[in-house]
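Okay, final-v1.pdb now, which holds PDB, C-alpha atoms and all ligand atoms:
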ATOM      1  CA  MET A   6       0.000   0.000   0.000
ATOM      2  CA  GLN A   7       1.359   3.446  -0.906
ATOM      3  CA  LEU A   8       1.144   5.820   2.098
ATOM      4  CA  THR A   9       2.613   8.966   0.486
ATOM      5  CA  ASN A  10       3.421  10.166  -3.011
ATOM      6  CA  ARG A  11       7.075  10.797  -2.080
ATOM      7  CA  SER A  12       8.319   7.339  -2.937
ATOM      8  CA  LYS A  13      10.277   6.927  -6.138
ATOM      9  CA  VAL A  14      11.632   4.005  -8.004
ATOM     10  CA  VAL A  15      15.393   3.615  -7.679
ATOM     11  CA  VAL A  16      17.175   2.447 -10.787
ATOM     12  CA  LYS A  17      20.752   1.261 -10.958
ATOM     13  CA  LYS A  18      22.283   3.687 -13.431
ATOM     14  CA  GLU A  19      25.060   2.416 -15.665
ATOM     15  CA  MET A  20      28.336   4.391 -15.301
ATOM     16  CA  THR A  21      29.444   6.393 -18.307
ATOM     17  CA  LEU A  22      32.882   5.868 -19.874
ATOM     18  CA  SER A  23      34.375   8.956 -18.129
ATOM     19  CA  GLU A  24      32.963   7.780 -14.780
ATOM     20  CA  ARG A  25      34.512   4.377 -15.298
ATOM     21  CA  LEU A  26      37.912   5.941 -16.017
ATOM     22  CA  TYR A  27      37.825   7.817 -12.632
ATOM     23  CA  ILE A  28      40.361  10.385 -13.996
ATOM     24  CA  PRO A  29      37.858  13.296 -14.321
ATOM     25  CA  ALA A  30      36.559  12.609 -10.791
ATOM     26  CA  ILE A  31      40.134  12.662  -9.407
ATOM     27  CA  PHE A  32      40.855  16.000 -11.134
ATOM     28  CA  SER A  33      37.617  17.536  -9.923
ATOM     29  CA  GLY A  34      38.517  16.478  -6.338
ATOM     30  CA  MET A  35      42.024  17.969  -6.693
ATOM     31  CA  LEU A  36      40.513  21.199  -8.039
ATOM     32  CA  ILE A  37      38.382  21.532  -4.901
ATOM     33  CA  THR A  38      41.495  21.000  -2.725
ATOM     34  CA  LEU A  39      43.405  23.601  -4.766
ATOM     35  CA  LYS A  40      40.633  26.167  -4.358
ATOM     36  CA  HIS A  41      40.810  25.764  -0.559
ATOM     37  CA  LEU A  42      44.569  26.475  -0.583
ATOM     38  CA  PHE A  43      43.904  30.111  -1.475
ATOM     39  CA  ARG A  44      40.927  30.692   0.795
ATOM     40  CA  LYS A  45      41.096  32.255   4.272
ATOM     41  CA  LYS A  46      42.036  29.537   6.772
ATOM     42  CA  VAL A  47      39.513  28.689   9.454
ATOM     43  CA  THR A  48      42.113  26.843  11.512
ATOM     44  CA  ILE A  49      44.577  28.600  13.838
ATOM     45  CA  GLN A  50      48.062  27.660  15.015
ATOM     46  CA  TYR A  51      47.140  26.697  18.603
ATOM     47  CA  PRO A  52      48.768  27.098  21.149
ATOM     48  CA  GLU A  53      50.844  29.921  19.583
ATOM     49  CA  GLN A  54      47.570  31.544  18.504
ATOM     50  CA  THR A  55      44.421  31.510  20.598
ATOM     51  CA  ARG A  56      40.882  32.554  19.837
ATOM     52  CA  GLU A  57      39.234  35.377  21.694
ATOM     53  CA  VAL A  58      36.702  34.017  24.188
ATOM     54  CA  SER A  59      33.712  35.534  25.936
ATOM     55  CA  LYS A  60      34.223  37.218  29.312
ATOM     56  CA  ILE A  61      31.958  34.593  30.838
ATOM     57  CA  TRP A  62      33.650  31.693  29.091
ATOM     58  CA  ARG A  63      33.678  28.651  31.383
ATOM     59  CA  GLY A  64      37.251  27.516  31.923
ATOM     60  CA  GLN A  65      39.404  26.430  34.850
ATOM     61  CA  HIS A  66      37.754  26.741  38.260
ATOM     62  CA  VAL A  67      38.907  28.888  41.136
ATOM     63  CA  LEU A  68      38.156  28.447  44.826
ATOM     64  CA  LYS A  69      37.730  31.966  46.178
ATOM     65  CA  ARG A  70      38.912  33.613  49.375
ATOM     66  CA  ASP A  71      37.076  36.414  51.152
ATOM     67  CA  GLU A  72      38.320  39.954  51.819
ATOM     68  CA  ILE A  73      40.748  38.878  54.581
ATOM     69  CA  GLY A  74      41.992  35.854  52.663
ATOM     70  CA  ALA A  75      39.947  33.121  54.383
ATOM     71  CA  GLU A  76      38.745  30.270  52.165
ATOM     72  CA  ARG A  77      35.038  30.682  51.400
ATOM     73  CA  CYS A  78      34.357  26.959  50.835
ATOM     74  CA  THR A  79      32.588  25.232  53.715
ATOM     75  CA  ALA A  80      32.764  21.726  52.264
ATOM     76  CA  CYS A  81      28.974  21.431  52.120
ATOM     77  CA  GLY A  82      29.251  19.150  49.103
ATOM     78  CA  LEU A  83      26.492  20.820  47.071
ATOM     79  CA  CYS A  84      28.819  21.357  44.123
ATOM     80  CA  ALA A  85      29.741  17.668  44.122
ATOM     81  CA  VAL A  86      26.068  16.660  44.228
ATOM     82  CA  ALA A  87      25.225  19.074  41.398
ATOM     83  CA  CYS A  88      28.103  17.934  39.196
ATOM     84  CA  PRO A  89      26.720  15.761  36.377
ATOM     85  CA  ALA A  90      30.163  14.358  35.646
ATOM     86  CA  GLU A  91      30.938  13.362  39.241
ATOM     87  CA  ALA A  92      34.199  15.249  38.904
ATOM     88  CA  ILE A  93      34.350  16.809  42.377
ATOM     89  CA  THR A  94      35.487  15.109  45.572
ATOM     90  CA  MET A  95      36.319  16.632  48.925
ATOM     91  CA  VAL A  96      37.136  15.813  52.525
ATOM     92  CA  ALA A  97      35.623  18.085  55.177
ATOM     93  CA  ALA A  98      37.359  19.108  58.383
ATOM     94  CA  GLU A  99      36.399  21.151  61.424
ATOM     95  CA  ARG A 100      37.965  24.565  61.909
ATOM     96  CA  LYS A 101      40.017  24.879  65.113
ATOM     97  CA  PRO A 102      40.071  27.949  67.341
ATOM     98  CA  GLY A 103      42.566  30.417  65.920
ATOM     99  CA  GLU A 104      41.969  29.342  62.337
ATOM    100  CA  GLU A 105      39.171  31.839  61.698
ATOM    101  CA  HIS A 106      41.436  33.887  59.460
ATOM    102  CA  LEU A 107      42.129  30.795  57.305
ATOM    103  CA  TYR A 108      38.629  29.372  56.904
ATOM    104  CA  ARG A 109      35.477  31.463  56.784
ATOM    105  CA  GLU A 110      33.103  28.845  58.225
ATOM    106  CA  GLU A 111      33.343  26.276  61.040
ATOM    107  CA  LYS A 112      33.728  23.521  58.449
ATOM    108  CA  TYR A 113      36.165  23.689  55.561
ATOM    109  CA  ALA A 114      37.541  21.491  52.800
ATOM    110  CA  ALA A 115      40.733  19.833  54.009
ATOM    111  CA  SER A 116      41.040  18.449  50.519
ATOM    112  CA  TYR A 117      39.104  19.445  47.416
ATOM    113  CA  GLU A 118      39.724  17.897  44.021
ATOM    114  CA  ILE A 119      38.280  18.352  40.542
ATOM    115  CA  ASN A 120      39.035  15.777  37.890
ATOM    116  CA  MET A 121      39.517  17.937  34.817
ATOM    117  CA  LEU A 122      39.270  14.898  32.547
ATOM    118  CA  ARG A 123      35.718  14.344  33.735
ATOM    119  CA  CYS A 124      34.629  17.987  33.921
ATOM    120  CA  ILE A 125      32.415  19.207  31.082
ATOM    121  CA  PHE A 126      32.613  22.871  32.196
ATOM    122  CA  CYS A 127      28.851  23.152  32.566
ATOM    123  CA  GLY A 128      29.074  25.562  35.526
ATOM    124  CA  ASP A 129      26.564  23.640  37.683
ATOM    125  CA  CYS A 130      29.015  23.606  40.613
ATOM    126  CA  GLU A 131      29.171  27.388  40.510
ATOM    127  CA  GLU A 132      25.373  27.647  40.382
ATOM    128  CA  ALA A 133      24.960  25.250  43.309
ATOM    129  CA  CYS A 134      27.465  26.905  45.652
ATOM    130  CA  PRO A 135      25.744  28.874  48.431
ATOM    131  CA  LYS A 136      28.990  30.518  49.564
ATOM    132  CA  GLU A 137      30.265  32.150  46.374
ATOM    133  CA  ALA A 138      33.239  29.862  46.813
ATOM    134  CA  ILE A 139      33.659  28.281  43.396
ATOM    135  CA  PHE A 140      33.679  30.007  40.028
ATOM    136  CA  LEU A 141      34.666  29.024  36.551
ATOM    137  CA  THR A 142      37.116  31.455  34.969
ATOM    138  CA  ASP A 143      38.391  32.387  31.526
ATOM    139  CA  ARG A 144      41.631  30.482  32.172
ATOM    140  CA  LYS A 145      42.364  27.376  30.138
ATOM    141  CA  VAL A 146      43.156  24.004  31.663
ATOM    142  CA  ASP A 147      46.712  22.950  30.819
ATOM    143  CA  SER A 148      47.453  20.108  28.429
ATOM    144  CA  LEU A 149      49.350  17.577  30.504
ATOM    145  CA  TYR A 150      50.864  14.162  29.957
ATOM    146  CA  THR A 151      49.356  12.055  32.748
ATOM    147  CA  ARG A 152      45.844  11.559  34.068
ATOM    148  CA  ALA A 153      46.947  12.101  37.663
ATOM    149  CA  GLU A 154      48.200  15.600  36.841
ATOM    150  CA  LEU A 155      44.726  16.537  35.654
ATOM    151  CA  VAL A 156      43.135  15.919  39.028
ATOM    152  CA  TYR A 157      43.444  19.451  40.366
ATOM    153  CA  GLY A 158      43.730  19.875  44.118
ATOM    154  CA  LYS A 159      43.560  22.880  46.398
ATOM    155  CA  ASP A 160      47.134  23.852  45.524
ATOM    156  CA  ILE A 161      45.900  24.741  42.028
ATOM    157  CA  LEU A 162      42.257  25.610  42.675
ATOM    158  CA  VAL A 163      42.451  27.987  45.656
ATOM    159  CA  GLU A 164      43.374  31.496  44.592
ATOM    160  CA  ALA A 165      46.465  33.266  45.918
ATOM    161  CA  ILE A 166      46.115  35.047  49.248
ATOM    162  CA  GLU A 167      47.741  38.263  47.953
ATOM    163  CA  LYS A 168      45.021  40.675  46.892
ATOM    164  CA  ASP A 169      46.786  41.687  43.685
ATOM    165  CA  LYS A 170      46.989  38.028  42.611
ATOM    166  CA  ARG A 171      43.313  37.175  43.209
ATOM    167  CA  VAL A 172      41.268  35.872  40.284
ATOM    168  CA  ASP A 173      38.724  38.401  39.039
ATOM    169  CA  VAL A 174      35.301  36.745  38.683
ATOM    170  CA  THR A 175      33.159  39.872  38.577
ATOM    171  CA  ALA A 176      32.116  39.094  34.998
ATOM    172  CA  ARG A 177      30.459  35.917  36.256
ATOM    173  CA  GLU A 178      28.636  37.532  39.169
ATOM    174  CA  THR A 179      25.084  38.677  38.515
ATOM    175  CA  PRO A 180      24.066  42.175  39.733
ATOM    176  CA  ASP A 181      21.911  40.497  42.415
ATOM    177  CA  VAL A 182      24.895  38.566  43.743
ATOM    178  CA  ALA A 183      27.129  41.660  43.713
ATOM    179  CA  GLU A 184      24.473  43.628  45.650
ATOM    180  CA  PHE A 185      24.052  40.807  48.165
ATOM    181  CA  LYS A 186      27.794  40.548  48.737
ATOM    182  CA  ALA A 187      28.178  44.285  49.209
ATOM    183  CA  ASN A 188      25.682  44.270  52.108
ATOM    184  CA  LYS A 189      27.708  43.487  55.235
ATOM    185  CA  VAL A 190      24.516  43.190  57.316
ATOM    186  CA  PHE A 191      24.223  39.584  56.184
ATOM    187  CA  GLY A 192      26.231  37.155  58.305
ATOM    188  CA  HIS A 193      27.368  35.500  55.125
ATOM    189  CA  ASN A 194      29.286  38.653  54.201
ATOM    190  CA  LYS A 195      30.705  39.581  57.597
ATOM    191  CA  VAL A 196      34.451  39.969  57.720
ATOM    192  CA  PHE A 197      36.294  38.201  60.530
ATOM    193  CA  ASP A 198      37.790  40.634  63.014
ATOM    194  CA  LYS A 199      40.693  39.239  65.079
ATOM    195  CA  ASN A 200      40.156  41.862  67.788
ATOM    196  CA  SER A 201      36.462  41.217  68.400
TER     197      SER A 201
HETATM  198  S1  LIG B 301      31.771  22.587  35.650
HETATM  199 FE1  LIG B 301      30.153  21.004  35.641
HETATM  200  S2  LIG B 301      31.234  19.114  35.201
HETATM  201 FE2  LIG B 301      32.810  20.594  35.804
HETATM  202  S3  LIG B 301      33.092  20.258  37.989
HETATM  203 FE3  LIG B 301      31.549  21.875  37.769
HETATM  204  S4  LIG B 301      29.573  20.799  37.792
HETATM  205 FE4  LIG B 301      31.161  19.278  37.414
HETATM  206  S1  LIG B 302      32.564  25.047  46.687
HETATM  207 FE1  LIG B 302      30.617  25.823  47.480
HETATM  208  S2  LIG B 302      29.147  24.156  47.058
HETATM  209 FE2  LIG B 302      31.193  23.289  46.900
HETATM  210  S3  LIG B 302      31.613  22.437  48.919
HETATM  211 FE3  LIG B 302      32.478  24.516  48.865
HETATM  212  S4  LIG B 302      30.850  25.813  49.704
HETATM  213 FE4  LIG B 302      29.890  23.874  49.157
END
Represent the structure from my file as structure tokens, please.
Amino acid sequence: MQLTNRSKVVVKKEMTLSERLYIPAIFSGMLITLKHLFRKKVTIQYPEQTREVSKIWRGQHVLKRDEIGAERCTACGLCAVACPAEAITMVAAERKPGEEHLYREEKYAASYEINMLRCIFCGDCEEACPKEAIFLTDRKVDSLYTRAELVYGKDILVEAIEKDKRVDVTARETPDVAEFKANKVFGHNKVFDKNS
């Protein structure tokens, strides 16, 4: 039974003499290759050349510190739960008296690892974080030779304590987040004072 009128009868067409010789087909293929030699190249000489990326391009993560240099991460694990690639693992530890200037909350990540081979740079970890502790940045992940080297730990992920070496993530912060962070009334934003 014919359901539509789009069907057509397929016939096996005999090849012509020039098609059987293959020579014209080879020349027409070489002509196409030749034409591409003189066109503008779409490829670039990476890594010597790099493409310009968006300001909110999702590259290598950073674990942020607060104004006094304390780590913002409280090892709540929400980023790990949100990660579709199961790339994040961490071990939580309890902050000891006197360590308030090192860790912002009573609980912190003694170890925090992201497997860059698993990561798909979706940004879900950043979305899930309630502490503004993890951000993706416009930095590229290095090309390395072993799998182990691509499991990034805190030594790579946590930003430098020096203010002039901090990683700027303002492009990834929404105006709402920036406004919230500027309001020191919220306990979340309070700065630790050693003298209080
Ligand atoms: S960017 Fe996505 S895949 Fe990568 S660690 Fe974060 S949640 Fe996981
Ligand atoms: S980075 Fe954020 S979501 Fe992940 S464990 Fe630390 S505080 Fe929680």
Evaluate the PyMOL selection byres (((not hetatm)) within 12 of (chain B and resi 302)) here and jot the selected residues down as a ChimeraX atom specification.
-> /A:66-70,76-88,92-98,108-119,128-141,159,162-163,193
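Across the model, the gap from atom CA of A:Met121 to atom FE1 of ligand LIG 301 (chain B) is 9.9 Å.
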Axis-aligned box over every listed atom of ligand LIG 301 (chain B), padded by 8 Å per side: centre and edges in Å to one decimal, as lines of an AutoDock Vina configuration file?
center_x = 31.3
center_y = 20.9
center_z = 36.6
size_x = 19.5
size_y = 19.5
size_z = 18.8
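The closest residue to A:Tyr157, picked from A:Leu122, A:Arg11, A:Arg171, A:Thr179 and counting only C-alpha atoms, is A:Leu122.
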Under the PyMOL selection byres (((chain A and resi 177) around 9) and not hetatm), which residues of this model are included? Write them out as a JSON list (two decimals) with C-alpha atoms, in the coordinates of the input.
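So expr21.json came out as:
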[["chain", "number", "residue", "atom", "x", "y", "z"],
["A", 60, "LYS", "CA", 34.22, 37.22, 29.31],
["A", 61, "ILE", "CA", 31.96, 34.59, 30.84],
["A", 62, "TRP", "CA", 33.65, 31.69, 29.09],
["A", 140, "PHE", "CA", 33.68, 30.01, 40.03],
["A", 141, "LEU", "CA", 34.67, 29.02, 36.55],
["A", 142, "THR", "CA", 37.12, 31.46, 34.97],
["A", 174, "VAL", "CA", 35.30, 36.74, 38.68],
["A", 175, "THR", "CA", 33.16, 39.87, 38.58],
["A", 176, "ALA", "CA", 32.12, 39.09, 35.00],
["A", 178, "GLU", "CA", 28.64, 37.53, 39.17],
["A", 179, "THR", "CA", 25.08, 38.68, 38.52]]
